[in-house]
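K.L.:
Got data04.cif for you, mmCIF, C-alpha atoms:
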data_protein
loop_
_atom_site.label_atom_id
_atom_site.label_comp_id
_atom_site.auth_asym_id
_atom_site.auth_seq_id
_atom_site.Cartn_x
_atom_site.Cartn_y
_atom_site.Cartn_z
CA MET A 1 -37.02 -31.41 -30.70
CA SER A 2 -38.08 -30.12 -27.28
CA ALA A 3 -41.57 -30.73 -25.93
CA VAL A 4 -44.53 -28.64 -27.06
CA LEU A 5 -45.59 -26.64 -23.99
CA LEU A 6 -48.23 -24.35 -25.47
CA GLU A 7 -50.30 -24.87 -28.61
CA THR A 8 -53.27 -23.24 -30.30
CA ARG A 9 -55.41 -25.08 -32.82
CA GLN A 10 -57.53 -23.06 -35.24
CA LEU A 11 -58.17 -20.39 -32.62
CA ASP A 12 -60.90 -17.91 -33.56
CA LYS A 13 -62.43 -14.96 -31.75
CA ARG A 14 -65.45 -13.01 -32.99
CA TYR A 15 -67.25 -10.07 -31.47
CA GLY A 16 -70.42 -9.94 -33.49
CA GLY A 17 -69.35 -9.17 -37.03
CA LEU A 18 -65.77 -8.36 -35.97
CA HIS A 19 -63.37 -11.24 -36.61
CA VAL A 20 -60.40 -10.56 -34.31
CA THR A 21 -58.40 -13.78 -34.55
CA ARG A 22 -58.73 -16.13 -37.51
CA SER A 23 -57.80 -19.82 -37.30
CA VAL A 24 -54.55 -19.16 -35.45
CA SER A 25 -52.45 -22.30 -35.00
CA LEU A 26 -49.02 -22.10 -33.39
CA GLN A 27 -46.73 -24.04 -31.09
CA LEU A 28 -44.35 -22.96 -28.36
CA HIS A 29 -41.61 -25.37 -27.30
CA ALA A 30 -39.46 -25.45 -24.19
CA GLY A 31 -36.73 -22.84 -24.55
CA ASP A 32 -38.46 -20.95 -27.36
CA ARG A 33 -38.04 -17.20 -27.69
CA LEU A 34 -41.02 -16.29 -29.85
CA ALA A 35 -42.07 -12.75 -30.78
CA LEU A 36 -45.63 -12.01 -31.89
CA ILE A 37 -45.75 -8.90 -34.05
CA GLY A 38 -48.20 -7.13 -36.31
CA PRO A 39 -49.82 -3.75 -36.93
CA ASN A 40 -52.19 -2.18 -34.42
CA GLY A 41 -55.50 -4.03 -34.49
CA ALA A 42 -53.92 -7.25 -35.77
CA GLY A 43 -55.32 -9.25 -32.83
CA LYS A 44 -52.11 -9.78 -30.83
CA THR A 45 -53.41 -8.91 -27.37
CA THR A 46 -56.69 -10.73 -28.02
CA LEU A 47 -54.70 -13.83 -28.92
CA VAL A 48 -52.62 -13.59 -25.73
CA ASN A 49 -55.82 -13.04 -23.74
CA GLN A 50 -57.13 -16.31 -25.17
CA LEU A 51 -53.88 -18.07 -24.26
CA SER A 52 -53.96 -16.80 -20.68
CA GLY A 53 -57.67 -17.47 -20.16
CA THR A 54 -58.96 -13.92 -19.78
CA VAL A 55 -60.90 -14.21 -23.07
CA ALA A 56 -62.73 -17.33 -24.23
CA PRO A 57 -62.32 -18.24 -27.91
CA SER A 58 -65.29 -18.47 -30.22
CA SER A 59 -63.86 -21.68 -31.62
CA GLY A 60 -60.62 -23.62 -31.63
CA SER A 61 -58.60 -24.80 -28.66
CA VAL A 62 -55.64 -23.99 -26.39
CA TRP A 63 -53.34 -26.77 -25.16
CA LEU A 64 -50.88 -26.52 -22.26
CA ASN A 65 -48.45 -29.36 -21.49
CA GLY A 66 -50.47 -31.63 -23.76
CA GLU A 67 -53.80 -30.93 -22.05
CA ASP A 68 -56.78 -29.05 -23.46
CA VAL A 69 -57.16 -25.95 -21.24
CA THR A 70 -59.58 -24.06 -23.47
CA ARG A 71 -62.31 -23.97 -20.83
CA ARG A 72 -60.00 -23.62 -17.84
CA SER A 73 -59.75 -20.39 -15.88
CA GLN A 74 -56.80 -18.06 -15.77
CA ALA A 75 -55.93 -19.28 -12.26
CA GLN A 76 -56.03 -22.91 -13.37
CA ARG A 77 -53.66 -22.13 -16.24
CA VAL A 78 -51.29 -20.37 -13.86
CA ARG A 79 -51.21 -23.48 -11.68
CA ALA A 80 -50.50 -25.54 -14.81
CA GLY A 81 -47.41 -23.44 -15.57
CA LEU A 82 -48.53 -20.36 -17.55
CA ALA A 83 -47.61 -16.85 -16.35
CA ARG A 84 -48.21 -13.47 -17.93
CA THR A 85 -47.26 -9.82 -17.62
CA PHE A 86 -49.46 -7.01 -18.94
CA GLN A 87 -48.94 -4.01 -21.20
CA ILE A 88 -49.88 -1.66 -18.33
CA THR A 89 -48.43 -2.24 -14.86
CA THR A 90 -50.83 -3.90 -12.41
CA LEU A 91 -48.77 -3.55 -9.23
CA ALA A 92 -50.06 -2.49 -5.81
CA PRO A 93 -48.53 1.00 -5.54
CA HIS A 94 -48.24 1.19 -1.72
CA LEU A 95 -47.13 -2.37 -0.96
CA PRO A 96 -43.40 -3.10 -0.52
CA VAL A 97 -41.78 -4.88 -3.45
CA GLN A 98 -40.69 -7.92 -1.46
CA ARG A 99 -44.11 -8.39 0.09
CA GLN A 100 -45.70 -8.47 -3.36
CA VAL A 101 -43.27 -11.16 -4.47
CA GLU A 102 -43.89 -13.09 -1.24
CA LEU A 103 -47.63 -13.00 -1.92
CA ALA A 104 -47.03 -14.47 -5.38
CA LEU A 105 -44.96 -17.25 -3.79
CA PHE A 106 -47.71 -17.76 -1.19
CA GLU A 107 -50.22 -18.21 -4.01
CA ARG A 108 -47.93 -20.61 -5.85
CA GLU A 109 -47.58 -22.81 -2.78
CA GLY A 110 -51.34 -22.84 -2.16
CA LEU A 111 -51.00 -21.13 1.20
CA THR A 112 -53.44 -18.27 0.72
CA GLY A 113 -56.15 -20.03 2.75
CA ARG A 114 -54.00 -20.36 5.87
CA PHE A 115 -55.21 -17.21 7.59
CA TRP A 116 -54.10 -18.48 11.02
CA ARG A 117 -50.43 -18.15 10.06
CA SER A 118 -48.79 -14.89 9.01
CA ILE A 119 -46.84 -14.72 5.78
CA ASP A 120 -43.89 -13.72 7.96
CA GLY A 121 -43.96 -17.24 9.37
CA TYR A 122 -42.51 -18.65 6.14
CA PRO A 123 -38.82 -17.62 6.13
CA ALA A 124 -38.02 -19.86 3.16
CA LEU A 125 -40.45 -17.90 0.99
CA ALA A 126 -38.98 -14.61 2.18
CA ALA A 127 -35.51 -15.87 1.25
CA GLU A 128 -36.74 -16.95 -2.19
CA ALA A 129 -38.32 -13.53 -2.75
CA GLN A 130 -35.08 -11.81 -1.76
CA ALA A 131 -33.08 -14.01 -4.14
CA LEU A 132 -35.45 -13.27 -7.03
CA LEU A 133 -35.17 -9.55 -6.44
CA ARG A 134 -31.38 -9.72 -6.17
CA ASP A 135 -31.18 -11.62 -9.47
CA LEU A 136 -33.17 -8.83 -11.14
CA GLY A 137 -31.08 -6.07 -9.57
CA LEU A 138 -33.84 -4.99 -7.19
CA GLY A 139 -32.41 -6.25 -3.91
CA GLU A 140 -31.75 -2.77 -2.53
CA HIS A 141 -35.36 -1.77 -3.27
CA ALA A 142 -36.99 -4.79 -1.59
CA GLY A 143 -38.56 -2.68 1.13
CA TRP A 144 -39.73 0.14 -1.11
CA PRO A 145 -43.35 0.60 -2.19
CA THR A 146 -43.55 0.18 -5.95
CA GLU A 147 -44.82 3.73 -6.46
CA GLN A 148 -41.33 4.96 -5.48
CA LEU A 149 -39.61 2.93 -8.20
CA ALA A 150 -38.73 4.13 -11.67
CA TYR A 151 -41.06 2.77 -14.34
CA GLY A 152 -38.43 0.41 -15.73
CA GLU A 153 -37.92 -0.99 -12.24
CA GLN A 154 -41.66 -1.52 -11.89
CA ARG A 155 -41.57 -3.63 -15.04
CA LEU A 156 -38.82 -5.70 -13.40
CA VAL A 157 -41.04 -6.23 -10.36
CA GLU A 158 -43.78 -7.54 -12.67
CA LEU A 159 -41.24 -9.93 -14.15
CA ALA A 160 -40.29 -11.05 -10.63
CA LEU A 161 -43.96 -11.75 -9.84
CA ALA A 162 -44.29 -13.87 -12.97
CA LEU A 163 -41.07 -15.80 -12.31
CA ALA A 164 -42.14 -16.41 -8.70
CA LEU A 165 -44.82 -18.71 -10.10
CA ARG A 166 -42.11 -20.95 -11.63
CA PRO A 167 -43.83 -20.99 -15.01
CA LYS A 168 -43.01 -23.23 -17.91
CA VAL A 169 -44.51 -20.68 -20.32
CA LEU A 170 -44.16 -16.90 -19.92
CA LEU A 171 -46.26 -14.41 -21.92
CA LEU A 172 -44.86 -10.85 -22.02
CA ASP A 173 -47.23 -8.18 -23.33
CA GLU A 174 -45.10 -5.22 -24.46
CA PRO A 175 -42.59 -5.30 -21.59
CA MET A 176 -40.85 -2.16 -22.92
CA ALA A 177 -44.08 -0.11 -23.16
CA GLY A 178 -43.60 3.19 -21.35
CA VAL A 179 -40.05 2.40 -20.26
CA PRO A 180 -37.75 5.41 -20.84
CA GLN A 181 -34.79 4.71 -23.08
CA GLY A 182 -32.34 5.16 -20.24
CA GLU A 183 -34.04 2.45 -18.16
CA GLY A 184 -34.40 -0.16 -20.89
CA ALA A 185 -30.95 -1.73 -20.56
CA ARG A 186 -31.75 -3.36 -17.21
CA LEU A 187 -34.95 -4.87 -18.57
CA LEU A 188 -33.15 -6.17 -21.65
CA ALA A 189 -30.51 -7.78 -19.43
CA ALA A 190 -33.26 -9.43 -17.36
CA LEU A 191 -34.90 -10.84 -20.50
CA ASP A 192 -31.57 -12.20 -21.67
CA ALA A 193 -31.10 -13.91 -18.29
CA LEU A 194 -34.44 -15.74 -18.28
CA PRO A 195 -34.12 -19.50 -17.62
CA LYS A 196 -33.06 -21.27 -20.81
CA GLU A 197 -35.76 -23.94 -20.50
CA LEU A 198 -38.54 -21.35 -20.14
CA ALA A 199 -40.76 -20.90 -23.21
CA VAL A 200 -41.27 -17.17 -23.80
CA LEU A 201 -43.79 -15.45 -26.08
CA ILE A 202 -43.38 -11.69 -26.32
CA ILE A 203 -45.58 -9.03 -27.91
CA GLU A 204 -43.49 -5.98 -28.70
CA HIS A 205 -43.58 -3.02 -31.08
CA ASP A 206 -39.89 -2.23 -30.59
CA MET A 207 -38.44 -3.99 -33.62
CA GLY A 208 -34.92 -3.59 -32.27
CA LEU A 209 -35.87 -5.67 -29.24
CA VAL A 210 -37.82 -8.16 -31.34
CA PHE A 211 -34.93 -8.92 -33.67
CA ARG A 212 -32.47 -8.96 -30.78
CA PHE A 213 -34.48 -11.26 -28.49
CA ALA A 214 -36.52 -13.58 -30.71
CA ARG A 215 -35.30 -16.74 -32.36
CA ARG A 216 -38.65 -17.11 -34.09
CA ILE A 217 -41.26 -14.54 -35.10
CA VAL A 218 -44.96 -14.96 -35.85
CA VAL A 219 -46.65 -12.13 -37.72
CA LEU A 220 -50.38 -11.42 -37.40
CA ALA A 221 -52.36 -9.25 -39.81
CA GLU A 222 -56.14 -8.84 -39.57
CA GLY A 223 -56.20 -11.66 -37.01
CA ALA A 224 -54.47 -14.27 -39.16
CA VAL A 225 -50.92 -15.62 -39.20
CA ILE A 226 -49.24 -14.39 -42.38
CA ALA A 227 -45.68 -15.47 -41.57
CA ASP A 228 -43.84 -17.72 -39.11
CA GLY A 229 -40.08 -18.00 -39.29
CA THR A 230 -36.64 -16.96 -38.13
CA PRO A 231 -35.82 -13.25 -37.76
CA ALA A 232 -33.90 -13.36 -41.05
CA GLU A 233 -36.83 -14.96 -42.87
CA ILE A 234 -39.29 -12.44 -41.43
CA ARG A 235 -37.06 -9.49 -42.24
CA ASN A 236 -36.97 -10.54 -45.89
CA ASP A 237 -40.63 -11.54 -46.21
CA ALA A 238 -42.42 -9.26 -48.67
CA ARG A 239 -45.81 -9.84 -47.01
CA VAL A 240 -44.44 -8.74 -43.66
CA ARG A 241 -42.83 -5.62 -45.10
CA ALA A 242 -46.10 -4.71 -46.80
CA ALA A 243 -48.23 -5.38 -43.72
CA TYR A 244 -46.05 -4.00 -40.96
CA LEU A 245 -42.37 -3.25 -41.34
CA GLY A 246 -42.79 -0.94 -44.32
CA GLN A 247 -41.45 -1.25 -47.85
#
Would you put the structure from the file into structure tokens?
P.N.:
Amino acid sequence: MSAVLLETRQLDKRYGGLHVTRSVSLQLHAGDRLALIGPNGAGKTTLVNQLSGTVAPSSGSVWLNGEDVTRRSQAQRVRAGLARTFQITTLAPHLPVQRQVELALFEREGLTGRFWRSIDGYPALAAEAQALLRDLGLGEHAGWPTEQLAYGEQRLVELALALALRPKVLLLDEPMAGVPQGEGARLLAALDALPKELAVLIIEHDMGLVFRFARRIVVLAEGAVIADGTPAEIRNDARVRAAYLGQ
């Protein structure tokens, strides 16, 4: 079996009397394509926030590459190989697409403190940014500000920013949210083309995408894992149908 890259152990999150995640334990291996599903309010985004370091757990732990990262910052987790996209786009609207990718590469290489040298002085990074954008079908838009792109293309730029970090684990929070039906095919193709060794966890309400993309599905309800299995097992699980998919 491939190495465990990301693991949670009895992860809990409470906000006063509200118990948002309840003793969540799961593992993500190299090459995994894992979908996290559940009804609204099940705790999915809170769980991903705990994985990425934007929310501290009340108890339990998060492990990345065999190391306890529970108390490490989001930036430290990124440097350790964890990248994330968000449900709502977080792009700089007026900055050219390629420059945004170059800045992500600059951060990855630890060059952000070198103010005496322009980012244009690193042609290898510019070439890498161009290659990433070409691979995602955005090469012709490299010089465009993101505000001029279609929404589906903006989601592809977010994916480019995440991949620029060369992650071992990629968390995708509803990548299809807000994407018009006519633009979804390009995003689906990009997801299919993700590096095979990359471990991917996706939150998504589009069940068509979930059952098409995932090889394993974890179902949350009221903050707790109620099912963990293959798409076929989840589709036929009575608890899942009752909690989410509908009888």
K.L.:
Using only C-alpha atoms, determine which residues lie at most 12 Å from Lys44 in chain A, disregarding the query and same-chain residues fewer than 3 positions distant; provide the list as a VMD selection string.
P.N.:
chain A and resid 13 20 to 22 24 35 to 41 47 to 51 87 171 to 174 201 to 205 218 to 225
K.L.:
So, with only C-alpha atoms as the atoms that count, which of A:Ala164, A:Arg72, A:Thr46, A:Gln27 lies closest to Leu103 in chain A?
P.N.:
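Going through A:Ala164, A:Arg72, A:Thr46, A:Gln27 one by one, the smallest distance to Leu103 in chain A is for A:Ala164.
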K.L.:
Out of A:Gly31, A:Pro93, A:Pro167, A:Gly182, which residue has the shortest atom-to-atom distance to Gln154 in chain A when counting all atoms listed in the file?
P.N.:
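So, comparing all the options, the nearest one is A:Pro93.
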K.L.:
Can you measure CA of Gln148 in chain A to CA of Arg166 in chain A for me? One decimal in Å is fine.
P.N.:
26.6 Å
K.L.:
Name the residues that the PyMOL selection byres ((chain A and resi 84) around 8) pulls out of this structure, and write them as an NGL selection string.
P.N.:
:A and (52 or 82-83 or 85-86 or 162 or 170-173)
K.L.:
Just the number, please: distance in Å from CA of Ala142 in chain A to CA of Val97 in chain A, one decimal.
P.N.:
5.1 Å
K.L.:
Applied to this file, what does the PyMOL selection byres ((chain A and resi 81) around 10) return in terms of residues, put as a list in words?
P.N.:
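That selection, the PyMOL selection byres ((chain A and resi 81) around 10), comes back as Leu5, Leu6, Leu64, Asn65, Gln76, Arg77, Val78, Arg79, Ala80, Leu82, Ala83, Leu165, Arg166, Pro167, Lys168, Val169 and Leu170 of chain A.
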K.L.:
Report as a list in words all protein, DNA and RNA residues lying within 12 Å of Ala131 in chain A, evaluated on all atoms listed in the file, omitting residues in the same chain fewer than 5 positions from it.
P.N.:
Gln98, Val101, Glu102, Ala124, Leu125, Ala126, Leu136, Gly137, Leu138, Gly139, Glu140, Ala142, Ala160, Leu163 and Ala164 of chain A
K.L.:
Pick from A:Gly66, A:Arg99, A:Leu133, A:Arg155: nearest to Asp120 in chain A, with all atoms listed in the file counted?
P.N.:
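Closest to Asp120 in chain A, using all atoms listed in the file: A:Arg99.
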K.L.:
If I take CA of Glu233 in chain A and CA of Gly178 in chain A, how far is one from the other in Å, to one decimal?
P.N.:
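Value for the CA of Glu233 in chain A-CA of Gly178 in chain A distance: 29.0 Å.
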K.L.:
My list of candidates is A:Leu105, A:Leu34, A:Val240, A:Ala177. Which is closest to Val210 in chain A when distances are computed with only C-alpha atoms?
P.N.:
A:Leu34
K.L.:
Which residue is closest to Leu28 in chain A? Choose from A:Glu158, A:Thr45, A:Gly121, A:Val62 and count only C-alpha atoms.
P.N.:
A:Val62
